[in-house]
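**Student:** Structure file input.txt, compact mmCIF, C-alpha atoms and all ligand atoms, is pasted below:
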# COMPACT_ATOMS: atom_id res chain seq x y z
CA MET A 22 61.58 100.55 69.73
CA ASN A 23 61.32 103.48 72.12
CA GLN A 24 60.57 102.63 75.70
CA LEU A 25 59.94 104.94 78.58
CA PHE A 26 60.81 103.59 81.92
CA ASN A 27 60.39 105.39 85.22
CA LEU A 28 62.82 104.83 88.05
CA LYS A 29 61.60 105.73 91.47
CA VAL A 30 64.18 106.34 94.15
CA ASN A 31 63.00 106.49 97.72
CA ILE A 32 65.12 108.75 99.84
CA PRO A 33 63.73 108.52 103.37
CA GLU A 34 64.89 111.93 104.49
CA LYS A 35 63.71 113.62 101.30
CA LYS A 36 60.53 113.25 99.28
CA GLU A 37 60.29 110.30 96.96
CA TYR A 38 62.14 111.20 93.80
CA SER A 39 61.63 109.71 90.39
CA TYR A 40 63.00 110.15 86.92
CA ASP A 41 62.48 108.80 83.43
CA ILE A 42 64.88 106.57 81.57
CA LEU A 43 64.32 106.91 77.84
CA ILE A 44 65.48 103.84 75.92
CA GLY A 45 65.45 103.51 72.14
CA GLU A 46 66.54 105.35 69.02
CA GLY A 47 66.05 108.78 67.47
CA PHE A 48 66.28 110.95 70.58
CA PHE A 49 68.87 113.23 68.99
CA GLN A 50 66.38 114.38 66.37
CA ASN A 51 64.61 116.45 69.01
CA PHE A 52 67.32 116.47 71.66
CA GLU A 53 66.83 120.10 72.68
CA GLU A 54 63.10 119.61 73.16
CA ILE A 55 63.63 116.50 75.29
CA VAL A 56 66.30 118.10 77.45
CA LYS A 57 64.20 121.20 78.04
CA LYS A 58 61.29 119.06 79.12
CA TYR A 59 63.40 117.83 82.04
CA SER A 60 65.42 120.92 82.98
CA SER A 61 64.50 124.56 83.03
CA ALA A 62 68.16 125.57 82.85
CA ASN A 63 69.23 128.61 80.88
CA LYS A 64 72.71 127.19 80.30
CA PHE A 65 73.84 123.65 79.61
CA LEU A 66 77.40 122.43 80.03
CA ILE A 67 77.93 119.28 77.97
CA VAL A 68 80.75 117.14 79.34
CA THR A 69 82.20 114.61 76.94
CA ASN A 70 85.53 113.24 75.75
CA GLU A 71 87.62 113.69 72.61
CA THR A 72 86.46 110.43 70.99
CA ILE A 73 82.76 110.99 71.51
CA TYR A 74 82.96 114.67 70.61
CA LYS A 75 84.46 113.83 67.21
CA LEU A 76 81.71 111.32 66.50
CA TYR A 77 78.67 113.15 67.82
CA LYS A 78 79.33 116.88 68.12
CA ASP A 79 76.73 117.73 65.46
CA LYS A 80 74.06 115.56 67.02
CA ILE A 81 73.98 117.08 70.46
CA GLN A 82 74.15 120.79 69.86
CA LEU A 83 71.88 122.83 72.08
CA GLY A 84 71.36 126.54 71.49
CA SER A 85 72.83 127.65 74.79
CA SER A 86 75.38 124.96 75.48
CA LYS A 87 79.13 124.88 75.99
CA PHE A 88 81.30 121.78 75.74
CA VAL A 89 83.94 120.47 78.12
CA ILE A 90 86.02 117.97 76.15
CA LEU A 91 88.14 115.75 78.35
CA PRO A 92 90.82 113.21 77.43
CA ASP A 93 89.55 109.68 76.89
CA GLY A 94 90.23 106.95 79.44
CA GLU A 95 89.63 105.62 82.94
CA GLU A 96 93.03 107.01 83.98
CA TYR A 97 91.58 110.52 83.47
CA LYS A 98 88.73 110.00 85.92
CA ASN A 99 90.60 112.06 88.47
CA PHE A 100 90.77 115.33 90.38
CA GLU A 101 92.43 117.17 87.51
CA ASN A 102 89.60 116.53 85.06
CA PHE A 103 86.91 116.92 87.71
CA LYS A 104 88.37 120.38 88.33
CA LYS A 105 88.29 121.15 84.59
CA ILE A 106 84.52 120.65 84.64
CA LEU A 107 84.12 122.90 87.67
CA ASP A 108 86.43 125.51 86.08
CA ALA A 109 84.27 125.49 82.94
CA ALA A 110 81.12 125.85 85.05
CA ILE A 111 82.63 128.87 86.79
CA GLU A 112 84.04 130.42 83.58
CA ASN A 113 80.67 130.05 81.88
CA ARG A 114 78.92 131.44 84.95
CA LEU A 115 76.55 128.56 85.42
CA GLU A 116 73.94 129.37 88.01
CA ARG A 117 72.09 127.15 90.43
CA LYS A 118 69.25 126.38 88.02
CA ASP A 119 71.61 125.45 85.15
CA CYS A 120 72.48 121.96 84.04
CA ILE A 121 75.40 119.66 83.36
CA ILE A 122 74.88 116.99 80.70
CA ALA A 123 77.12 113.92 80.71
CA PHE A 124 77.49 112.69 77.15
CA GLY A 125 79.57 109.54 77.14
CA GLY A 126 80.28 106.29 78.91
CA GLY A 127 80.59 105.60 82.61
CA VAL A 128 83.80 107.58 83.04
CA ILE A 129 82.20 110.79 81.78
CA GLY A 130 78.89 110.07 83.54
CA ASP A 131 80.52 109.47 86.92
CA MET A 132 82.82 112.48 86.69
CA ALA A 133 80.29 114.95 85.27
CA GLY A 134 77.72 113.74 87.80
CA TYR A 135 80.08 114.39 90.69
CA ALA A 136 80.79 117.86 89.30
CA ALA A 137 77.03 118.51 89.06
CA ALA A 138 76.61 117.31 92.65
CA SER A 139 79.39 119.59 93.88
CA TYR A 140 78.94 122.78 91.88
CA MET A 141 76.93 125.21 94.01
CA ARG A 142 76.01 122.20 96.17
CA GLY A 143 74.13 120.63 93.30
CA ILE A 144 72.73 121.70 89.94
CA ASP A 145 70.61 119.80 87.39
CA PHE A 146 72.27 116.78 85.84
CA ILE A 147 71.28 114.78 82.76
CA GLN A 148 72.81 111.47 81.74
CA VAL A 149 73.19 110.65 78.04
CA PRO A 150 74.99 107.31 78.16
CA THR A 151 76.74 106.15 74.98
CA THR A 152 78.15 102.75 76.00
CA LEU A 153 76.23 99.59 76.82
CA LEU A 154 77.78 99.57 80.28
CA SER A 155 76.61 103.08 81.04
CA MET A 156 73.10 102.38 79.66
CA VAL A 157 72.55 99.31 81.83
CA ASP A 158 74.32 100.47 84.94
CA SER A 159 76.31 103.61 85.58
CA SER A 160 73.84 106.22 84.26
CA VAL A 161 71.10 104.90 86.53
CA GLY A 162 70.95 104.96 90.31
CA GLY A 163 72.91 108.09 91.17
CA LYS A 164 76.40 106.89 92.04
CA VAL A 165 78.87 109.53 90.85
CA ALA A 166 82.58 109.55 91.59
CA ILE A 167 86.20 110.01 90.64
CA ASN A 168 89.14 107.76 91.36
CA HIS A 169 91.89 108.38 93.90
CA GLU A 170 95.37 106.94 93.43
CA HIS A 171 94.57 104.66 96.39
CA GLY A 172 91.29 103.37 95.05
CA LYS A 173 88.61 103.44 92.43
CA ASN A 174 85.58 105.68 92.92
CA LEU A 175 86.83 106.54 96.41
CA ILE A 176 85.64 110.15 96.18
CA GLY A 177 82.03 110.65 95.22
CA ALA A 178 78.40 111.15 96.07
CA PHE A 179 74.90 109.84 95.48
CA TYR A 180 73.31 112.26 93.08
CA GLN A 181 70.36 111.35 90.87
CA PRO A 182 69.92 112.70 87.35
CA LYS A 183 66.84 114.52 86.08
CA VAL A 184 66.54 112.07 83.18
CA VAL A 185 68.56 109.36 81.46
CA ILE A 186 68.47 109.41 77.65
CA ALA A 187 69.81 106.12 76.30
CA ASP A 188 69.89 106.33 72.51
CA ILE A 189 71.06 102.91 71.43
CA SER A 190 72.04 104.12 67.95
CA THR A 191 75.26 105.35 69.62
CA LEU A 192 76.22 101.73 70.29
CA LYS A 193 76.89 101.28 66.56
CA THR A 194 80.15 103.24 66.83
CA LEU A 195 81.29 101.41 69.93
CA ASP A 196 84.07 98.93 69.28
CA LYS A 197 83.44 95.25 69.96
CA ARG A 198 85.65 95.20 73.04
CA GLN A 199 83.63 98.00 74.63
CA LEU A 200 80.35 96.35 73.72
CA LYS A 201 81.60 93.18 75.37
CA THR A 202 82.67 95.05 78.47
CA GLY A 203 79.08 96.23 78.89
CA ILE A 204 78.03 92.60 78.85
CA GLY A 205 80.16 92.10 81.97
CA GLU A 206 77.70 94.27 83.93
CA VAL A 207 74.71 92.81 82.05
CA LEU A 208 75.57 89.24 83.13
CA LYS A 209 75.75 90.40 86.72
CA TYR A 210 72.00 91.10 86.64
CA ALA A 211 71.28 87.50 85.61
CA PHE A 212 73.18 86.21 88.63
CA ILE A 213 71.49 88.57 91.13
CA GLU A 214 67.98 88.57 89.63
CA LYS A 215 66.24 86.83 92.54
CA SER A 216 67.92 89.00 95.17
CA CYS A 217 66.81 92.21 93.41
CA GLY A 218 63.21 91.45 94.38
CA ALA A 219 61.84 93.03 91.21
CA ASP A 220 58.33 92.17 90.17
CA LEU A 221 59.41 90.50 86.92
CA ASN A 222 58.18 87.33 85.43
CA TYR A 223 61.08 85.80 83.54
CA ARG A 224 64.59 84.51 83.92
CA PHE A 225 67.10 87.01 82.56
CA PHE A 226 69.64 84.19 82.53
CA ASP A 227 67.63 82.42 79.78
CA PHE A 228 67.18 85.65 77.82
CA LEU A 229 70.97 86.01 77.74
CA LYS A 230 71.53 82.38 76.91
CA ASN A 231 69.20 82.61 73.92
CA ASN A 232 69.96 86.03 72.48
CA LYS A 233 73.74 86.32 72.19
CA ASP A 234 73.78 86.90 68.42
CA LYS A 235 70.95 89.43 68.47
CA ILE A 236 72.67 91.30 71.29
CA TYR A 237 76.06 91.40 69.58
CA ASN A 238 74.38 92.39 66.28
CA LEU A 239 72.60 95.22 68.10
CA ASP A 240 69.10 94.14 67.18
CA VAL A 241 67.09 97.18 68.30
CA ASP A 242 64.23 95.38 70.04
CA THR A 243 66.49 92.90 71.81
CA VAL A 244 68.94 95.53 73.03
CA SER A 245 66.15 97.88 74.13
CA ASN A 246 64.59 95.00 76.02
CA LEU A 247 67.89 94.07 77.59
CA ILE A 248 68.52 97.64 78.82
CA ASN A 249 64.98 97.85 80.12
CA ILE A 250 65.35 94.59 82.09
CA CYS A 251 68.69 95.65 83.59
CA CYS A 252 67.34 99.07 84.57
CA SER A 253 64.24 97.47 86.10
CA LEU A 254 66.37 95.16 88.22
CA LYS A 255 68.66 97.98 89.24
CA ALA A 256 65.71 100.26 90.06
CA ALA A 257 64.23 97.60 92.35
CA VAL A 258 67.47 97.55 94.33
CA VAL A 259 68.07 101.32 94.37
CA ASN A 260 64.50 101.86 95.56
CA LYS A 261 65.22 99.78 98.64
CA ASP A 262 68.62 101.26 99.41
CA GLU A 263 69.74 104.33 97.51
CA THR A 264 72.86 105.00 99.56
CA GLU A 265 74.11 101.43 99.90
CA LYS A 266 73.56 100.84 103.58
CA GLY A 267 72.77 97.23 102.76
CA ILE A 268 71.24 95.45 99.79
CA ARG A 269 72.55 97.82 97.10
CA ALA A 270 75.94 96.17 97.55
CA ILE A 271 74.60 93.18 95.60
CA LEU A 272 75.02 95.26 92.45
CA ASN A 273 78.72 94.84 93.06
CA LEU A 274 78.91 91.12 92.38
CA GLY A 275 82.49 90.48 91.27
CA HIS A 276 83.51 94.07 91.96
CA THR A 277 85.64 93.51 95.08
CA PHE A 278 88.02 91.50 92.93
CA ALA A 279 87.48 93.72 89.89
CA HIS A 280 88.34 97.00 91.59
CA ALA A 281 91.52 95.49 93.02
CA ILE A 282 92.50 94.18 89.58
CA GLU A 283 91.83 97.50 87.89
CA ASN A 284 93.70 99.48 90.50
CA LEU A 285 96.74 97.20 90.47
CA THR A 286 96.93 97.43 86.68
CA ASN A 287 96.44 101.21 86.65
CA TYR A 288 93.19 100.96 84.68
CA VAL A 289 95.01 100.44 81.39
CA VAL A 290 95.14 96.65 81.06
CA TYR A 291 91.50 95.64 81.54
CA THR A 292 88.27 97.47 80.86
CA HIS A 293 85.90 97.71 83.81
CA GLY A 294 83.56 95.06 82.36
CA GLU A 295 86.44 92.67 81.71
CA ALA A 296 87.60 93.10 85.29
CA VAL A 297 84.01 92.48 86.46
CA ALA A 298 83.80 89.31 84.35
CA ILE A 299 87.06 88.05 85.88
CA GLY A 300 85.80 89.09 89.33
CA MET A 301 82.50 87.24 88.85
CA LYS A 302 84.35 84.06 87.94
CA MET A 303 86.37 84.43 91.14
CA ALA A 304 83.20 85.08 93.16
CA PHE A 305 81.60 81.92 91.72
CA LYS A 306 84.71 79.91 92.56
CA LEU A 307 84.67 81.28 96.09
CA ALA A 308 80.97 80.37 96.40
CA LEU A 309 81.70 76.85 95.25
CA LEU A 310 84.58 76.43 97.70
CA GLU A 311 82.44 77.78 100.53
CA LYS A 312 79.68 75.35 99.41
CA TYR A 313 77.18 78.18 98.97
CA ILE A 314 76.18 76.89 95.52
CA GLU A 315 75.79 73.58 93.69
CA LYS A 316 78.41 72.53 91.17
CA SER A 317 75.69 72.34 88.46
CA TYR A 318 74.83 76.04 88.93
CA TYR A 319 78.52 76.93 89.01
CA ASP A 320 79.00 75.18 85.64
CA GLU A 321 75.93 76.85 84.11
CA ALA A 322 77.07 80.29 85.25
CA LEU A 323 80.61 79.87 83.99
CA GLU A 324 79.24 78.59 80.69
CA LEU A 325 77.20 81.78 80.27
CA ILE A 326 80.22 84.00 81.05
CA ASP A 327 82.28 82.00 78.56
CA LEU A 328 79.52 82.11 75.94
CA TYR A 329 79.95 85.88 75.75
CA ASP A 330 83.73 85.51 75.46
CA LEU A 331 84.51 88.36 77.84
CA VAL A 332 87.49 87.35 79.88
CA PRO A 333 90.89 88.13 78.39
CA ALA A 334 94.02 86.25 79.42
CA PHE A 335 94.60 87.20 83.03
CA SER A 336 97.99 88.77 83.66
CA ASP A 337 100.07 87.46 86.49
CA LEU A 338 99.18 89.65 89.46
CA SER A 339 100.45 88.88 92.93
CA LYS A 340 97.66 87.39 95.03
CA ASP A 341 99.01 89.14 98.13
CA ASP A 342 98.84 92.49 96.34
CA LEU A 343 95.31 91.76 95.17
CA TYR A 344 94.20 90.74 98.65
CA ASN A 345 95.72 93.86 100.24
CA GLU A 346 94.16 96.03 97.59
CA MET A 347 90.74 94.66 98.48
CA PHE A 348 90.91 96.25 101.93
CA LEU A 349 90.46 99.59 100.22
CA ASP A 350 87.22 98.45 98.65
CA LYS A 351 84.29 100.61 99.75
CA LYS A 352 82.49 97.47 100.88
CA ALA A 353 85.15 96.85 103.57
CA GLN A 354 83.76 97.25 107.09
CA ASN A 355 85.64 97.15 110.41
CA GLY A 356 88.78 96.14 108.52
CA LYS A 357 87.05 93.10 106.99
CA VAL A 358 86.63 92.65 103.27
CA ARG A 359 83.01 92.12 102.27
CA PHE A 360 82.34 89.92 99.28
CA VAL A 361 79.16 89.65 97.26
CA ILE A 362 78.95 85.95 96.54
CA PRO A 363 76.36 83.70 94.88
CA ASN A 364 74.50 81.72 97.54
CA GLY A 365 71.87 80.05 95.41
CA SER A 366 70.67 80.10 91.83
CA PHE A 367 70.29 83.71 90.63
CA GLU A 368 70.80 85.07 94.13
CA VAL A 369 73.70 86.46 96.11
CA GLY A 370 74.59 87.35 99.68
CA ILE A 371 77.07 89.71 101.31
CA PHE A 372 79.73 87.94 103.36
CA SER A 373 82.68 89.18 105.38
CA ASP A 374 83.69 85.91 107.02
CA VAL A 375 84.98 84.02 104.00
CA SER A 376 88.11 81.96 104.36
CA LYS A 377 91.29 83.75 103.33
CA GLN A 378 92.58 80.48 101.92
CA TYR A 379 89.51 80.16 99.66
CA VAL A 380 89.88 83.75 98.51
CA PHE A 381 93.42 82.93 97.43
CA GLU A 382 92.24 79.73 95.72
CA ALA A 383 89.47 81.64 93.94
CA MET A 384 92.12 83.94 92.48
CA ASN A 385 93.64 81.02 90.63
P1 LIG A 401 84.20 104.57 79.24
O1 LIG A 401 83.36 105.67 79.68
O2 LIG A 401 85.67 104.71 79.40
O3 LIG A 401 83.90 104.27 77.71
C1 LIG A 401 84.61 103.23 77.08
C2 LIG A 401 85.28 103.70 75.78
O4 LIG A 401 84.28 103.82 74.77
C3 LIG A 401 85.95 105.04 75.85
O5 LIG A 401 87.13 104.99 75.09
C4 LIG A 401 84.96 105.98 75.21
O6 LIG A 401 85.56 107.11 74.63
C5 LIG A 401 84.37 105.10 74.16
N1 LIG A 401 83.01 105.43 73.75
C6 LIG A 401 81.98 105.77 74.55
N2 LIG A 401 80.85 105.85 73.84
C7 LIG A 401 81.18 105.59 72.56
C8 LIG A 401 80.44 105.50 71.35
N3 LIG A 401 79.12 105.63 71.34
N4 LIG A 401 81.10 105.20 70.22
C9 LIG A 401 82.45 104.98 70.24
N5 LIG A 401 83.20 105.03 71.34
C10 LIG A 401 82.56 105.34 72.49
O7 LIG A 401 83.80 103.21 79.96
P2 LIG A 401 82.40 102.55 80.36
O8 LIG A 401 82.62 101.11 80.21
O9 LIG A 401 81.25 103.19 79.70
O10 LIG A 401 82.28 102.90 81.92
C11 LIG A 401 83.23 102.45 82.86
C12 LIG A 401 83.18 103.37 84.05
O11 LIG A 401 81.89 103.33 84.62
C13 LIG A 401 84.16 103.02 85.14
O12 LIG A 401 84.79 104.19 85.56
C14 LIG A 401 83.28 102.48 86.26
O13 LIG A 401 83.80 102.71 87.53
C15 LIG A 401 82.02 103.25 86.04
N6 LIG A 401 80.81 102.61 86.57
C16 LIG A 401 80.01 103.33 87.36
C17 LIG A 401 78.83 102.79 87.83
C18 LIG A 401 77.89 103.63 88.64
O14 LIG A 401 76.93 103.09 89.19
N7 LIG A 401 78.09 104.92 88.71
C19 LIG A 401 78.50 101.47 87.50
C20 LIG A 401 79.35 100.75 86.69
C21 LIG A 401 80.51 101.33 86.22
N1 LIG A 402 77.02 99.76 89.95
C1 LIG A 402 76.76 99.56 91.31
C2 LIG A 402 75.73 100.45 91.87
O1 LIG A 402 75.18 101.27 91.18
O2 LIG A 402 75.46 100.37 93.04
Let me see whether you can do it: turn the structure in this file into structure tokens.
Ligand code: NAD
Ligand code: GLY

**Tutor:**
Amino acid sequence: MNQLFNLKVNIPEKKEYSYDILIGEGFFQNFEEIVKKYSSANKFLIVTNETIYKLYKDKIQLGSSKFVILPDGEEYKNFENFKKILDAAIENRLERKDCIIAFGGGVIGDMAGYAAASYMRGIDFIQVPTTLLSMVDSSVGGKVAINHEHGKNLIGAFYQPKVVIADISTLKTLDKRQLKTGIGEVLKYAFIEKSCGADLNYRFFDFLKNNKDKIYNLDVDTVSNLINICCSLKAAVVNKDETEKGIRAILNLGHTFAHAIENLTNYVVYTHGEAVAIGMKMAFKLALLEKYIEKSYYDEALELIDLYDLVPAFSDLSKDDLYNEMFLDKKAQNGKVRFVIPNGSFEVGIFSDVSKQYVFEAMN
């Protein structure tokens, strides 16, 4: 089922900007035609990684394109590989009207997007997400970044793509662990649905409760629907606050804990979605301790996270180290850690005055 969805981003100081998100199957059959509809570039630089290149190199050829093939892994989302993209852009003499295409998961999308934002102060950028996580979250909304040894996504920009092309046939080659990690970000939308303020008439929580098998079996209609719902919720938030001055932070439910966990384990122990799932459990525990939510909702939420079987055994990290690491989180303000915490059914708030003792208890 092919769906066309249009995200509008309101940037007060610029004109309203909008772009299409194409969701479905078969986009690679006329990939060149689609891409050229959205960018008038003469040259395309396709940024991908070794794994994805091996699987899909024949599918995404464009007449005038060059590839940048990076090593695979979150640990490579760094200055060195960011520079490789810029070097390739310079070597291939990309000009201001040319285009960088990110073909891969969130790591490639974030890094290629930041390169597109930086090269000549910004050239066209197209997102072709190939993981569930990147289809429901990272390819949409314009956050692009690389990691610094002192923190995840510390160096970056807000830079919107010209189009997002989410061909869900690519999910068939994704291993189960990576599919599950995408569910980490998907669940987040169920828990923030009310706060997103989208004009939608359903409960995403119920959709997830009822469709686990269809989702894990990659039923085309169900997965297209799921991506559409997530993008709609995200668009509603990004429209209100593109550059995260306020409400956009709700998209980071569980992430204050997750980023600290990922950073302390050097990005090689947990996938991002697994860290988010662990972080959401901690956020729910914190909400319960602070009495922001009822025990019945806490139980329901934890049951849904457990239903999707996302959280691996949690290695023994020092709570002091985790707490200190959180001060580097981009949501920290005036030296205080800001947490996105459930404060009602399917809604969340942003709090910086939570009890340190409860934070430590939540990390149990
Ligand atoms: P990823 O990009 O590392 O991809 C996960 C793994 O799947 C990699 O090994 C990759 O090579 C492989 N892969 C990708 N597509 C495949 C396919 N179709 N078939 C087989 N293998 C495939 O990880 P991710 O989970 O997609 O993204 C995580 C990143 O996204 C993190 O860096 C996180 O910070 C970032 N992120 C950004 C935003 C944002 O708003 N910009 C939001 C959420 C997450
Ligand atoms: N993934 C969080 C955001 O886009 O703001």

**Student:** Please measure the separation of CA of Ala109 (chain A) and CA of Ala166 (chain A), giving the value in Å to one decimal.

**Tutor:** 18.2 Å

**Student:** Within 6 Å of ligand LIG 401 (chain A), which residues show up when you count all atoms listed in the file? List them as a list of chain:residue names, please.

**Tutor:**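 For ligand LIG 401 (chain A), the residues inside 6 Å are A:Thr72, A:Ile73, A:Asp93, A:Gly94, A:Glu95, A:Gly125, A:Gly126, A:Gly127, A:Val128, A:Ile129, A:Asp131, A:Thr151, A:Thr152, A:Leu154, A:Ser155, A:Asp158, A:Ser159, A:Lys164, A:Val165, A:Thr191, A:Leu192, A:Thr194, A:Leu195, A:Gln199, A:His293.
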
**Student:** All residues within 8 Å of ligand LIG 402 (chain A) are required, counting all atoms listed in the file; please report them as a list in words.

**Tutor:** Asp158, Ser159, Val161, Gly162, Gly163, Lys164, Lys255, Val259, Glu265, Arg269, Ala270, Ile271, Leu272 and Asn273 of chain A

**Student:** Store the residues of this selection in a file with C-alpha atoms, as a compact mmCIF listing (two decimals), keeping the file's coordinate frame.

**Tutor:**
# COMPACT_ATOMS: atom_id res chain seq x y z
CA ASP A 158 74.32 100.47 84.94
CA SER A 159 76.31 103.61 85.58
CA VAL A 161 71.10 104.90 86.53
CA GLY A 162 70.95 104.96 90.31
CA GLY A 163 72.91 108.09 91.17
CA LYS A 164 76.40 106.89 92.04
CA LYS A 255 68.66 97.98 89.24
CA VAL A 259 68.07 101.32 94.37
CA GLU A 265 74.11 101.43 99.90
CA ARG A 269 72.55 97.82 97.10
CA ALA A 270 75.94 96.17 97.55
CA ILE A 271 74.60 93.18 95.60
CA LEU A 272 75.02 95.26 92.45
CA ASN A 273 78.72 94.84 93.06

**Student:** Please tabulate, as a Markdown table, the residues of region 113-134 of chain A that come within 10 Å of region 60-67 of chain A, each with its closest pair of atoms and the distance in Å to one decimal, counting all atoms listed in the file and ordering rows by chain, then residue number upward.

**Tutor:**
| residue | atom | partner | partner_atom | distance |
| --- | --- | --- | --- | --- |
| A:Asn113 | CA | A:Leu66 | CA | 8.5 |
| A:Arg114 | CA | A:Lys64 | CA | 8.8 |
| A:Leu115 | CA | A:Lys64 | CA | 6.5 |
| A:Glu116 | CA | A:Lys64 | CA | 8.1 |
| A:Arg117 | CA | A:Ala62 | CA | 8.7 |
| A:Lys118 | CA | A:Ala62 | CA | 5.3 |
| A:Asp119 | CA | A:Ala62 | CA | 4.1 |
| A:Cys120 | CA | A:Phe65 | CA | 4.9 |
| A:Ile121 | CA | A:Leu66 | CA | 4.8 |
| A:Ile122 | CA | A:Ile67 | CA | 4.7 |
| A:Ala123 | CA | A:Ile67 | CA | 6.1 |
| A:Phe124 | CA | A:Ile67 | CA | 6.7 |
| A:Gly125 | CA | A:Ile67 | CA | 9.9 |
| A:Ala133 | CA | A:Ile67 | CA | 8.8 |

**Student:** Please, what distance in Å, to one decimal, runs between CA of Lys87 (chain A) and CA of Met156 (chain A)?

**Tutor:** 23.6 Å

**Student:** If you measure from CA of Met141 (chain A) to CA of Leu91 (chain A), what distance in Å do you get, rounded to one decimal?

**Tutor:**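 Atom-to-atom, CA of Met141 (chain A) to CA of Leu91 (chain A), that is 21.5 Å.
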
**Student:** Given the choices A:Asp342, A:Glu263, A:Glu71, A:Glu112, which gets closest to Asn284 (chain A) if the distance is worked out from only C-alpha atoms?

**Tutor:**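 Smallest separation from Asn284 (chain A) among the options: A:Asp342.
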
**Student:** What lies within 7 Å of Lys302 (chain A) using all atoms listed in the file, ignoring chain neighbours under 4 positions off, as an NGL selection string?

**Tutor:** :A and (298 or 306 or 323)

**Student:** Return the single residue from A:Glu382, A:Glu46, A:Glu368, A:Glu170 that is closest to Asp341 (chain A), with distances computed using only C-alpha atoms.

**Tutor:**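 Between A:Glu382, A:Glu46, A:Glu368, A:Glu170, the residue approaching Asp341 (chain A) most closely is A:Glu382.
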